[in-house]
file data_22.cif (mmCIF, C-alpha atoms (C1' of nucleotides))
data_protein
#
loop_
_atom_site.group_PDB
_atom_site.id
_atom_site.type_symbol
_atom_site.label_atom_id
_atom_site.label_comp_id
_atom_site.auth_asym_id
_atom_site.auth_seq_id
_atom_site.Cartn_x
_atom_site.Cartn_y
_atom_site.Cartn_z
ATOM 1 C CA MET A 224 0.000 0.000 0.000
ATOM 2 C CA SER A 225 2.371 2.703 1.187
ATOM 3 C CA ALA A 226 5.029 1.325 -1.086
ATOM 4 C CA ASP A 227 6.478 4.392 -2.734
ATOM 5 C CA LEU A 228 7.069 6.597 0.233
ATOM 6 C CA THR A 229 10.458 8.145 0.674
ATOM 7 C CA ARG A 230 12.620 7.382 3.649
ATOM 8 C CA ASN A 231 11.478 10.308 5.762
ATOM 9 C CA GLN A 232 7.866 9.844 4.807
ATOM 10 C CA ALA A 233 8.033 6.161 5.722
ATOM 11 C CA LEU A 234 9.643 6.926 9.069
ATOM 12 C CA VAL A 235 6.984 9.464 9.971
ATOM 13 C CA MET A 236 4.244 7.142 8.776
ATOM 14 C CA LYS A 237 5.576 4.279 10.860
ATOM 15 C CA THR A 238 5.763 6.460 13.946
ATOM 16 C CA LEU A 239 2.183 7.617 13.557
ATOM 17 C CA SER A 240 0.880 4.170 12.761
ATOM 18 C CA GLY A 241 2.428 2.795 15.908
ATOM 19 C CA ALA A 242 1.122 5.549 18.154
ATOM 20 C CA GLU A 243 -1.866 5.160 20.434
ATOM 21 C CA ALA A 244 -2.804 8.803 20.207
ATOM 22 C CA PRO A 245 -2.136 11.825 18.010
ATOM 23 C CA LEU A 246 1.420 13.109 17.987
ATOM 24 C CA SER A 247 2.718 16.606 17.501
ATOM 25 C CA ALA A 248 5.302 17.198 14.820
ATOM 26 C CA TYR A 249 7.932 17.790 17.470
ATOM 27 C CA THR A 250 7.089 14.570 19.279
ATOM 28 C CA ILE A 251 7.481 12.708 16.017
ATOM 29 C CA LEU A 252 10.798 14.442 15.505
ATOM 30 C CA ASP A 253 12.019 13.395 18.942
ATOM 31 C CA ARG A 254 11.076 9.790 18.262
ATOM 32 C CA LEU A 255 12.996 9.833 15.009
ATOM 33 C CA ARG A 256 16.202 11.458 16.158
ATOM 34 C CA GLY A 257 17.706 8.001 16.451
ATOM 35 C CA ASP A 258 16.987 7.532 12.764
ATOM 36 C CA GLY A 259 18.896 10.635 11.836
ATOM 37 C CA LEU A 260 16.190 13.254 11.673
ATOM 38 C CA ARG A 261 17.270 16.576 13.099
ATOM 39 C CA ALA A 262 15.014 19.404 12.013
ATOM 40 C CA PRO A 263 11.284 20.120 12.290
ATOM 41 C CA LEU A 264 11.034 20.739 8.582
ATOM 42 C CA GLN A 265 11.976 17.194 7.790
ATOM 43 C CA VAL A 266 8.927 16.079 9.718
ATOM 44 C CA TYR A 267 6.612 18.802 8.485
ATOM 45 C CA ARG A 268 7.488 18.062 4.897
ATOM 46 C CA ALA A 269 6.770 14.381 5.320
ATOM 47 C CA LEU A 270 3.502 15.174 7.084
ATOM 48 C CA GLU A 271 2.458 17.464 4.279
ATOM 49 C CA LYS A 272 2.938 14.751 1.720
ATOM 50 C CA LEU A 273 1.287 12.062 3.814
ATOM 51 C CA THR A 274 -1.697 14.291 4.452
ATOM 52 C CA GLU A 275 -1.943 14.966 0.754
ATOM 53 C CA LEU A 276 -1.978 11.220 0.143
ATOM 54 C CA GLY A 277 -4.744 10.779 2.700
ATOM 55 C CA LEU A 278 -2.609 8.563 4.925
ATOM 56 C CA VAL A 279 -2.457 11.047 7.758
ATOM 57 C CA HIS A 280 -4.923 13.536 9.203
ATOM 58 C CA ARG A 281 -4.198 16.746 10.971
ATOM 59 C CA LEU A 282 -6.263 17.446 14.061
ATOM 60 C CA GLU A 283 -6.724 21.193 14.081
ATOM 61 C CA SER A 284 -7.903 21.513 17.637
ATOM 62 C CA LEU A 285 -4.822 19.685 18.857
ATOM 63 C CA ASN A 286 -2.142 20.810 16.434
ATOM 64 C CA ALA A 287 -1.309 17.163 16.101
ATOM 65 C CA PHE A 288 -1.411 14.332 13.607
ATOM 66 C CA VAL A 289 -2.862 10.809 13.398
ATOM 67 C CA ALA A 290 -2.527 7.967 10.944
ATOM 68 C CA CYS A 291 -5.724 7.487 8.972
ATOM 69 C CA ALA A 292 -7.827 4.697 10.418
ATOM 70 C CA HIS A 293 -8.689 3.395 6.965
ATOM 71 C CA PRO A 294 -5.344 3.455 5.278
ATOM 72 C CA ASN A 295 -6.363 1.349 2.325
ATOM 73 C CA CYS A 296 -9.559 2.892 1.090
ATOM 74 C CA HIS A 297 -8.456 6.473 1.319
ATOM 75 C CA GLU A 298 -11.630 7.981 0.103
ATOM 76 C CA GLN A 299 -11.515 11.724 0.611
ATOM 77 C CA GLU A 300 -14.930 11.801 2.274
ATOM 78 C CA LEU A 301 -15.827 14.179 4.999
ATOM 79 C CA ILE A 302 -14.357 12.741 8.162
ATOM 80 C CA ALA A 303 -15.281 13.534 11.734
ATOM 81 C CA PHE A 304 -13.037 12.884 14.709
ATOM 82 C CA ALA A 305 -14.001 12.081 18.274
ATOM 83 C CA ILE A 306 -11.034 12.887 20.461
ATOM 84 C CA CYS A 307 -10.782 11.740 24.059
ATOM 85 C CA GLU A 308 -9.202 14.383 26.242
ATOM 86 C CA ASP A 309 -8.353 11.788 28.827
ATOM 87 C CA CYS A 310 -6.676 8.914 27.052
ATOM 88 C CA GLY A 311 -6.026 10.756 23.821
ATOM 89 C CA LYS A 312 -7.563 8.129 21.586
ATOM 90 C CA VAL A 313 -9.203 9.267 18.403
ATOM 91 C CA GLU A 314 -12.096 7.675 16.563
ATOM 92 C CA GLU A 315 -12.752 8.511 12.971
ATOM 93 C CA PHE A 316 -16.163 8.361 11.362
ATOM 94 C CA SER A 317 -18.180 9.604 8.418
ATOM 95 C CA ASP A 318 -21.798 10.605 8.181
ATOM 96 C CA ASP A 319 -23.434 11.197 4.850
ATOM 97 C CA VAL A 320 -26.294 13.119 6.363
ATOM 98 C CA VAL A 321 -23.901 15.572 7.972
ATOM 99 C CA LYS A 322 -22.064 15.840 4.700
ATOM 100 C CA ASP A 323 -25.285 16.520 2.818
ATOM 101 C CA ARG A 324 -26.394 19.169 5.272
ATOM 102 C CA LEU A 325 -23.087 20.999 5.132
ATOM 103 C CA ASP A 326 -23.011 20.688 1.345
ATOM 104 C CA GLY A 327 -26.518 22.103 1.295
ATOM 105 C CA TRP A 328 -25.504 25.105 3.325
ATOM 106 C CA THR A 329 -22.451 25.859 1.238
ATOM 107 C CA ARG A 330 -24.305 25.419 -2.029
ATOM 108 C CA SER A 331 -27.143 27.687 -0.986
ATOM 109 C CA HIS A 332 -24.660 30.325 0.161
ATOM 110 C CA GLY A 333 -22.420 30.174 -2.861
ATOM 111 C CA PHE A 334 -19.572 29.037 -0.650
ATOM 112 C CA ARG A 335 -17.001 26.817 -2.307
ATOM 113 C CA PRO A 336 -15.620 24.461 0.339
ATOM 114 C CA ALA A 337 -12.018 23.348 0.194
ATOM 115 C CA LYS A 338 -11.545 21.529 3.470
ATOM 116 C CA THR A 339 -13.913 20.747 6.291
ATOM 117 C CA THR A 340 -12.953 20.003 9.860
ATOM 118 C CA ILE A 341 -15.218 18.250 12.351
ATOM 119 C CA GLU A 342 -13.714 17.490 15.728
ATOM 120 C CA ILE A 343 -15.563 16.440 18.849
ATOM 121 C CA ARG A 344 -13.532 16.735 22.020
ATOM 122 C CA GLY A 345 -14.695 15.018 25.145
ATOM 123 C CA ASN A 346 -14.350 11.665 26.868
ATOM 124 C CA CYS A 347 -14.544 8.311 25.192
ATOM 125 C CA GLY A 348 -16.642 5.459 26.526
ATOM 126 C CA GLY A 349 -13.886 3.987 28.621
ATOM 127 C CA CYS A 350 -12.797 7.260 30.183
ATOM 128 C CA ALA A 351 -16.293 8.719 30.647
ATOM 129 C CA GLY A 352 -17.142 5.760 32.858
ATOM 130 C CA LYS A 353 -14.333 6.439 35.318
ATOM 131 C CA ALA A 354 -15.244 10.117 35.683
ATOM 132 C CA MET B 128 -25.420 42.951 27.523
ATOM 133 C CA SER B 129 -21.641 43.009 27.798
ATOM 134 C CA ALA B 130 -21.898 45.416 30.676
ATOM 135 C CA ASP B 131 -19.797 43.822 33.333
ATOM 136 C CA LEU B 132 -16.643 43.125 31.441
ATOM 137 C CA THR B 133 -13.380 44.229 32.926
ATOM 138 C CA ARG B 134 -11.202 46.760 31.206
ATOM 139 C CA ASN B 135 -9.013 44.258 29.365
ATOM 140 C CA GLN B 136 -11.948 42.101 28.430
ATOM 141 C CA ALA B 137 -13.811 45.100 27.046
ATOM 142 C CA LEU B 138 -10.786 46.216 25.037
ATOM 143 C CA VAL B 139 -10.353 42.799 23.473
ATOM 144 C CA MET B 140 -14.080 42.521 22.819
ATOM 145 C CA LYS B 141 -14.154 45.890 21.112
ATOM 146 C CA THR B 142 -11.220 44.985 18.932
ATOM 147 C CA LEU B 143 -12.811 41.753 17.806
ATOM 148 C CA SER B 144 -16.211 43.322 17.260
ATOM 149 C CA GLY B 145 -14.712 45.937 15.013
ATOM 150 C CA ALA B 146 -12.695 43.488 12.942
ATOM 151 C CA GLU B 147 -13.721 42.291 9.494
ATOM 152 C CA ALA B 148 -12.040 38.961 9.928
ATOM 153 C CA PRO B 149 -10.684 36.728 12.685
ATOM 154 C CA LEU B 150 -7.699 38.051 14.584
ATOM 155 C CA SER B 151 -4.865 36.194 16.245
ATOM 156 C CA ALA B 152 -4.145 36.909 19.873
ATOM 157 C CA TYR B 153 -0.944 38.661 18.903
ATOM 158 C CA THR B 154 -2.689 40.862 16.374
ATOM 159 C CA ILE B 155 -5.162 41.869 19.043
ATOM 160 C CA LEU B 156 -2.266 42.625 21.338
ATOM 161 C CA ASP B 157 -0.628 44.832 18.741
ATOM 162 C CA ARG B 158 -3.838 46.772 18.257
ATOM 163 C CA LEU B 159 -4.134 47.345 21.963
ATOM 164 C CA ARG B 160 -0.609 48.418 22.748
ATOM 165 C CA GLY B 161 -1.798 51.990 22.577
ATOM 166 C CA ASP B 162 -4.227 51.184 25.347
ATOM 167 C CA GLY B 163 -1.492 49.937 27.584
ATOM 168 C CA LEU B 164 -1.523 46.229 26.941
ATOM 169 C CA ARG B 165 1.943 44.747 26.825
ATOM 170 C CA ALA B 166 1.908 40.985 27.226
ATOM 171 C CA PRO B 167 0.235 38.116 25.365
ATOM 172 C CA LEU B 168 -1.182 36.791 28.570
ATOM 173 C CA GLN B 169 -3.311 39.865 29.069
ATOM 174 C CA VAL B 170 -5.002 39.100 25.787
ATOM 175 C CA TYR B 171 -5.212 35.349 26.279
ATOM 176 C CA ARG B 172 -6.829 35.794 29.661
ATOM 177 C CA ALA B 173 -9.447 38.132 28.285
ATOM 178 C CA LEU B 174 -10.100 35.789 25.385
ATOM 179 C CA GLU B 175 -10.554 32.882 27.727
ATOM 180 C CA LYS B 176 -13.204 34.714 29.680
ATOM 181 C CA LEU B 177 -14.971 36.043 26.609
ATOM 182 C CA THR B 178 -15.047 32.590 25.073
ATOM 183 C CA GLU B 179 -16.476 31.220 28.281
ATOM 184 C CA LEU B 180 -19.203 33.867 28.111
ATOM 185 C CA GLY B 181 -19.987 32.904 24.540
ATOM 186 C CA LEU B 182 -19.107 36.334 23.199
ATOM 187 C CA VAL B 183 -16.091 35.121 21.275
ATOM 188 C CA HIS B 184 -15.309 31.976 19.336
ATOM 189 C CA ARG B 185 -11.974 30.415 18.716
ATOM 190 C CA LEU B 186 -11.346 29.145 15.202
ATOM 191 C CA GLU B 187 -9.183 26.109 15.657
ATOM 192 C CA SER B 188 -8.071 25.767 12.091
ATOM 193 C CA LEU B 189 -6.818 29.337 12.114
ATOM 194 C CA ASN B 190 -5.568 29.782 15.670
ATOM 195 C CA ALA B 191 -7.598 32.954 15.690
ATOM 196 C CA PHE B 192 -10.641 34.487 17.301
ATOM 197 C CA VAL B 193 -13.888 36.118 16.173
ATOM 198 C CA ALA B 194 -16.664 37.964 17.925
ATOM 199 C CA CYS B 195 -19.813 35.889 18.056
ATOM 200 C CA ALA B 196 -22.221 36.872 15.315
ATOM 201 C CA HIS B 197 -25.198 36.618 17.674
ATOM 202 C CA PRO B 198 -23.918 38.399 20.705
ATOM 203 C CA ASN B 199 -27.268 38.730 22.368
ATOM 204 C CA CYS B 200 -28.766 35.306 22.218
ATOM 205 C CA HIS B 201 -25.701 33.395 23.167
ATOM 206 C CA GLU B 202 -27.211 30.016 23.013
ATOM 207 C CA GLN B 203 -24.506 27.426 23.352
ATOM 208 C CA GLU B 204 -25.745 25.496 20.342
ATOM 209 C CA LEU B 205 -23.466 23.668 18.014
ATOM 210 C CA ILE B 206 -22.029 26.280 15.698
ATOM 211 C CA ALA B 207 -20.425 25.762 12.326
ATOM 212 C CA PHE B 208 -18.114 28.262 10.671
ATOM 213 C CA ALA B 209 -17.565 28.911 6.997
ATOM 214 C CA ILE B 210 -14.254 30.661 6.611
ATOM 215 C CA CYS B 211 -13.190 32.362 3.410
ATOM 216 C CA GLU B 212 -9.506 31.854 2.743
ATOM 217 C CA ASP B 213 -9.502 34.799 0.412
ATOM 218 C CA CYS B 214 -11.172 37.681 2.205
ATOM 219 C CA GLY B 215 -11.064 36.125 5.661
ATOM 220 C CA LYS B 216 -14.729 36.646 6.395
ATOM 221 C CA VAL B 217 -16.444 34.129 8.595
ATOM 222 C CA GLU B 218 -20.063 33.088 8.548
ATOM 223 C CA GLU B 219 -21.576 31.361 11.498
ATOM 224 C CA PHE B 220 -24.479 28.950 11.279
ATOM 225 C CA SER B 221 -26.255 26.173 13.118
ATOM 226 C CA ASP B 222 -27.901 23.063 11.829
ATOM 227 C CA ASP B 223 -30.048 20.920 14.049
ATOM 228 C CA VAL B 224 -29.816 17.933 11.766
ATOM 229 C CA VAL B 225 -26.034 18.000 11.943
ATOM 230 C CA LYS B 226 -26.280 18.379 15.682
ATOM 231 C CA ASP B 227 -28.639 15.401 15.936
ATOM 232 C CA ARG B 228 -26.424 13.212 13.801
ATOM 233 C CA LEU B 229 -23.318 13.989 15.819
ATOM 234 C CA ASP B 230 -25.240 13.551 19.061
ATOM 235 C CA GLY B 231 -26.456 10.216 17.745
ATOM 236 C CA TRP B 232 -22.948 9.066 17.050
ATOM 237 C CA THR B 233 -21.589 10.099 20.413
ATOM 238 C CA ARG B 234 -24.518 8.606 22.283
ATOM 239 C CA SER B 235 -24.249 5.286 20.508
ATOM 240 C CA HIS B 236 -20.519 5.173 21.173
ATOM 241 C CA GLY B 237 -20.667 6.185 24.800
ATOM 242 C CA PHE B 238 -18.677 9.277 23.992
ATOM 243 C CA ARG B 239 -19.339 12.287 26.189
ATOM 244 C CA PRO B 240 -18.796 15.403 24.076
ATOM 245 C CA ALA B 241 -17.424 18.546 25.665
ATOM 246 C CA LYS B 242 -16.797 20.792 22.705
ATOM 247 C CA THR B 243 -17.421 20.342 19.017
ATOM 248 C CA THR B 244 -15.675 22.168 16.222
ATOM 249 C CA ILE B 245 -17.038 22.447 12.694
ATOM 250 C CA GLU B 246 -15.064 24.615 10.323
ATOM 251 C CA ILE B 247 -15.414 24.789 6.572
ATOM 252 C CA ARG B 248 -12.534 26.494 4.818
ATOM 253 C CA GLY B 249 -12.909 27.617 1.249
ATOM 254 C CA ASN B 250 -14.098 30.621 -0.691
ATOM 255 C CA CYS B 251 -17.165 32.663 0.041
ATOM 256 C CA GLY B 252 -19.666 33.657 -2.605
ATOM 257 C CA GLY B 253 -17.984 36.935 -3.402
ATOM 258 C CA CYS B 254 -14.497 35.517 -3.664
ATOM 259 C CA ALA B 255 -15.427 32.262 -5.406
ATOM 260 C CA GLY B 256 -16.852 34.279 -8.284
ATOM 261 C CA LYS B 257 -13.601 36.088 -8.985
ATOM 262 C CA ALA B 258 -11.561 32.875 -9.104
ATOM 263 C "C1'" DG C 233 24.578 6.978 -20.619
ATOM 264 C "C1'" DA C 234 23.676 12.130 -20.664
ATOM 265 C "C1'" DC C 235 20.641 15.570 -19.978
ATOM 266 C "C1'" DA C 236 16.937 18.117 -17.836
ATOM 267 C "C1'" DC C 237 13.357 18.603 -14.717
ATOM 268 C "C1'" DA C 238 10.662 17.573 -10.558
ATOM 269 C "C1'" DA C 239 10.745 16.126 -5.979
ATOM 270 C "C1'" DA C 240 12.913 15.322 -1.718
ATOM 271 C "C1'" DT C 241 16.603 16.424 1.584
ATOM 272 C "C1'" DG C 242 19.645 18.869 5.050
ATOM 273 C "C1'" DT C 243 20.591 22.913 7.721
ATOM 274 C "C1'" DT C 244 20.212 27.329 9.944
ATOM 275 C "C1'" DA C 245 17.596 30.788 11.441
ATOM 276 C "C1'" DT C 246 13.436 32.895 12.571
ATOM 277 C "C1'" DG C 247 8.518 33.674 13.132
ATOM 278 C "C1'" DA C 248 4.059 32.745 15.358
ATOM 279 C "C1'" DT C 249 1.264 30.860 18.959
ATOM 280 C "C1'" DA C 250 0.546 29.736 23.906
ATOM 281 C "C1'" DT C 251 1.571 28.818 28.862
ATOM 282 C "C1'" DT C 252 4.010 28.773 33.591
ATOM 283 C "C1'" DA C 253 5.179 31.008 37.643
ATOM 284 C "C1'" DC C 254 4.959 34.591 40.762
ATOM 285 C "C1'" DA C 255 3.752 39.047 42.873
ATOM 286 C "C1'" DC C 256 0.258 42.309 43.450
ATOM 287 C "C1'" DA C 257 -4.323 44.655 43.066
ATOM 288 C "C1'" DT C 258 -9.286 44.903 43.022
ATOM 289 C "C1'" DC C 259 -13.871 43.626 44.119
ATOM 290 C "C1'" DC C 260 -17.351 41.470 46.776
ATOM 291 C "C1'" DT C 261 -19.205 39.280 50.869
ATOM 292 C "C1'" DT C 262 -19.388 38.839 55.516
ATOM 293 C "C1'" DA D 219 -11.580 45.045 58.547
ATOM 294 C "C1'" DA D 220 -10.855 40.041 57.051
ATOM 295 C "C1'" DG D 221 -10.909 36.689 53.689
ATOM 296 C "C1'" DG D 222 -11.602 34.714 49.277
ATOM 297 C "C1'" DA D 223 -12.317 34.898 44.379
ATOM 298 C "C1'" DT D 224 -11.118 37.130 40.350
ATOM 299 C "C1'" DG D 225 -8.352 40.045 37.586
ATOM 300 C "C1'" DT D 226 -3.788 42.251 36.520
ATOM 301 C "C1'" DG D 227 1.312 42.964 35.289
ATOM 302 C "C1'" DT D 228 5.623 41.059 34.046
ATOM 303 C "C1'" DA D 229 9.318 38.049 32.702
ATOM 304 C "C1'" DA D 230 10.619 33.902 31.088
ATOM 305 C "C1'" DT D 231 9.880 29.938 28.504
ATOM 306 C "C1'" DA D 232 7.487 26.320 25.950
ATOM 307 C "C1'" DT D 233 5.377 24.837 21.739
ATOM 308 C "C1'" DC D 234 4.164 24.942 16.887
ATOM 309 C "C1'" DA D 235 5.459 26.263 12.065
ATOM 310 C "C1'" DT D 236 7.844 28.326 8.012
ATOM 311 C "C1'" DA D 237 11.464 30.982 5.114
ATOM 312 C "C1'" DA D 238 15.552 30.755 2.587
ATOM 313 C "C1'" DC D 239 19.192 28.448 0.547
ATOM 314 C "C1'" DA D 240 22.245 24.807 -1.098
ATOM 315 C "C1'" DT D 241 22.387 20.094 -2.379
ATOM 316 C "C1'" DT D 242 20.920 15.423 -3.671
ATOM 317 C "C1'" DT D 243 18.021 11.941 -5.581
ATOM 318 C "C1'" DG D 244 14.676 10.087 -8.668
ATOM 319 C "C1'" DT D 245 12.500 9.908 -13.297
ATOM 320 C "C1'" DG D 246 11.587 10.414 -18.045
ATOM 321 C "C1'" DT D 247 13.579 11.423 -22.670
ATOM 322 C "C1'" DC D 248 16.689 11.447 -26.110
#
call {"tool": "encode", "arguments": {"input": "data_22.cif", "output": "structure tokens"}}
result
Amino acid sequence: MSADLTRNQALVMKTLSGAEAPLSAYTILDRLRGDGLRAPLQVYRALEKLTELGLVHRLESLNAFVACAHPNCHEQELIAFAICEDCGKVEEFSDDVVKDRLDGWTRSHGFRPAKTTIEIRGNCGGCAGKA
Amino acid sequence: MSADLTRNQALVMKTLSGAEAPLSAYTILDRLRGDGLRAPLQVYRALEKLTELGLVHRLESLNAFVACAHPNCHEQELIAFAICEDCGKVEEFSDDVVKDRLDGWTRSHGFRPAKTTIEIRGNCGGCAGKA
DNA sequence: GACACAAATGTTATGATATTACACATCCTT
DNA sequence: AAGGATGTGTAATATCATAACATTTGTGTC
């Protein structure tokens, strides 16, 4: 699948895939210093490409990145994220009704959407129980 | 309405209300240096309070802030933002169907939502025409 | 293979956004 | 007046992101 990634891209991808929760660019950098990475730009450039390929998502409300949960079928649908503020885990889902409603709004307002962000912060099932 | 704001809060509120587009905390600070503000924290603290009061919204995908478009009826409904990347203008809207769908997802997944962000970046009617 | 172009890399420096820690002041209630 | 909650001022620092430049690697074409 992710066959033709470059070295840096593959390193960043592997780090994100193995992570339990979203990672900041600088955290990724720290985890890859052993592999020879030294500068933030090396990570940011890889992230830019991976995001473009749909393999990685940026979480705007966190300034952090996650590996896409559906790495094979990287449809560029509208994706929503549920982010647990306790354990950090992120769940990714799509909803066609939400998509249709937002599309309806933009169409009726002459707004041409480029990228849509939906992020729900809160506590996941496991963590909400404890609280 | 916004009667009992403190001096710094009122200054920040006035700056945001008078702005055409979202402002970063540092931009607000720069505009208020003449009024005696000197440190980022003075602005961030005011923003925190104003956000809490529902008078100001934070746009996560921009790291910037806008005055609420409905300053009187500050219902804490789910609000979506359409942000023009050209002219910077932001439109604010609500959609009960979207709200219901997201509520449905969280409920069925045992997720307890605290704050939801919906931001559509793109070009507004005016700017999309020119392109 | 040699050439040319696009893409990726490495490095340094800098810009932009946000918070911690601490001391002091103000307001409100009792 | 005492005490607590909230707001303020300031310095230092943490965190996130990009600009600018030189170089290298990969790819297609002849």
call {"tool": "interface_residues", "arguments": {"input": "data_22.cif", "of": "chain B", "to": "chain C", "cutoff": "9 Å", "atoms": "all atoms listed in the file", "output": "PDB file with C-alpha atoms, in the coordinates of the input"}}
result
ATOM      1  CA  SER B 151      -4.865  36.194  16.245  1.00  0.00           C
ATOM      2  CA  ALA B 152      -4.145  36.909  19.873  1.00  0.00           C
ATOM      3  CA  TYR B 153      -0.944  38.661  18.903  1.00  0.00           C
ATOM      4  CA  PRO B 167       0.235  38.116  25.365  1.00  0.00           C
ATOM      5  CA  LEU B 168      -1.182  36.791  28.570  1.00  0.00           C
ATOM      6  CA  TYR B 171      -5.212  35.349  26.279  1.00  0.00           C
ATOM      7  CA  ASN B 190      -5.568  29.782  15.670  1.00  0.00           C
TER       8      ASN B 190
END
call {"tool": "closest_atom_pairs", "arguments": {"input": "data_22.cif", "of": "range 172-256 of chain B", "to": "range 222-241 of chain D", "cutoff": "12 Å", "atoms": "only C-alpha atoms (C1' of nucleotides)", "output": "Markdown table"}}
result
| residue | atom | partner | partner_atom | distance |
| --- | --- | --- | --- | --- |
| B:Arg172 | CA | D:DG225 | C1' | 9.1 |
| B:Ala173 | CA | D:DG225 | C1' | 9.6 |
| B:Lys176 | CA | D:DG225 | C1' | 10.7 |
| B:Asn190 | CA | D:DC234 | C1' | 10.9 |
call {"tool": "closest_residue", "arguments": {"input": "data_22.cif", "among": "B:Cys195, B:Ala207, B:Leu143, B:Leu177", "to": "chain A", "atoms": "all atoms listed in the file"}}
result
B:Ala207
call {"tool": "axis_aligned_box", "arguments": {"input": "data_22.cif", "around": "range 234-250 of chain C", "padding_each_side": "3 Å", "output": "JSON"}}
result
{"center_x": 12.1, "center_y": 22.9, "center_z": 1.6, "size_x": 29.1, "size_y": 27.5, "size_z": 50.6}
call {"tool": "atom_distance", "arguments": {"input": "data_22.cif", "atom1": "CA of Gly327 in chain A", "atom2": "CA of Val217 in chain B"}}
result
17.3 Å
call {"tool": "closest_residue", "arguments": {"input": "data_22.cif", "among": "B:Ile247, B:Leu150, B:Cys254, B:Leu182", "to": "chain A", "atoms": "all atoms listed in the file"}}
result
B:Ile247
call {"tool": "interface_residues", "arguments": {"input": "data_22.cif", "of": "chain A", "to": "chain B", "cutoff": "9 Å", "atoms": "only C-alpha atoms", "output": "PyMOL selection string"}}
result
chain A and resi 282-286+305-307+316+318+320-322+324-325+328-329+332-352
call {"tool": "atom_distance", "arguments": {"input": "data_22.cif", "atom1": "CA of Ala287 in chain A", "atom2": "CA of Leu255 in chain A"}}
result
16.1 Å
call {"tool": "residues_near_point", "arguments": {"input": "data_22.cif", "point": "(-13.0, 44.7, 8.2)", "cutoff": "12 Å", "atoms": "all atoms listed in the file", "output": "PyMOL selection string"}}
result
chain B and resi 142-150+193+214-217
call {"tool": "resolve_selection", "arguments": {"input": "data_22.cif", "expression": "the PyMOL selection byres ((chain B) within 9 of (chain D))", "output": "JSON, numbers by chain"}}
result
{"B": [133, 165, 166, 169]}
call {"tool": "decode", "arguments": {"input": "data_22.cif", "residues": "chain C", "atoms": "C-alpha atoms (C1' of nucleotides)", "output": "mmCIF file, in the first residue's frame"}}
result
data_model
loop_
_atom_site.group_PDB
_atom_site.id
_atom_site.type_symbol
_atom_site.label_atom_id
_atom_site.label_comp_id
_atom_site.auth_asym_id
_atom_site.auth_seq_id
_atom_site.Cartn_x
_atom_site.Cartn_y
_atom_site.Cartn_z
ATOM 1 C "C1'" DG C 233 24.578 6.978 -20.619
ATOM 2 C "C1'" DA C 234 23.676 12.130 -20.664
ATOM 3 C "C1'" DC C 235 20.641 15.570 -19.978
ATOM 4 C "C1'" DA C 236 16.937 18.117 -17.836
ATOM 5 C "C1'" DC C 237 13.357 18.603 -14.717
ATOM 6 C "C1'" DA C 238 10.662 17.573 -10.558
ATOM 7 C "C1'" DA C 239 10.745 16.126 -5.979
ATOM 8 C "C1'" DA C 240 12.913 15.322 -1.718
ATOM 9 C "C1'" DT C 241 16.603 16.424 1.584
ATOM 10 C "C1'" DG C 242 19.645 18.869 5.050
ATOM 11 C "C1'" DT C 243 20.591 22.913 7.721
ATOM 12 C "C1'" DT C 244 20.212 27.329 9.944
ATOM 13 C "C1'" DA C 245 17.596 30.788 11.441
ATOM 14 C "C1'" DT C 246 13.436 32.895 12.571
ATOM 15 C "C1'" DG C 247 8.518 33.674 13.132
ATOM 16 C "C1'" DA C 248 4.059 32.745 15.358
ATOM 17 C "C1'" DT C 249 1.264 30.860 18.959
ATOM 18 C "C1'" DA C 250 0.546 29.736 23.906
ATOM 19 C "C1'" DT C 251 1.571 28.818 28.862
ATOM 20 C "C1'" DT C 252 4.010 28.773 33.591
ATOM 21 C "C1'" DA C 253 5.179 31.008 37.643
ATOM 22 C "C1'" DC C 254 4.959 34.591 40.762
ATOM 23 C "C1'" DA C 255 3.752 39.047 42.873
ATOM 24 C "C1'" DC C 256 0.258 42.309 43.450
ATOM 25 C "C1'" DA C 257 -4.323 44.655 43.066
ATOM 26 C "C1'" DT C 258 -9.286 44.903 43.022
ATOM 27 C "C1'" DC C 259 -13.871 43.626 44.119
ATOM 28 C "C1'" DC C 260 -17.351 41.470 46.776
ATOM 29 C "C1'" DT C 261 -19.205 39.280 50.869
ATOM 30 C "C1'" DT C 262 -19.388 38.839 55.516
#
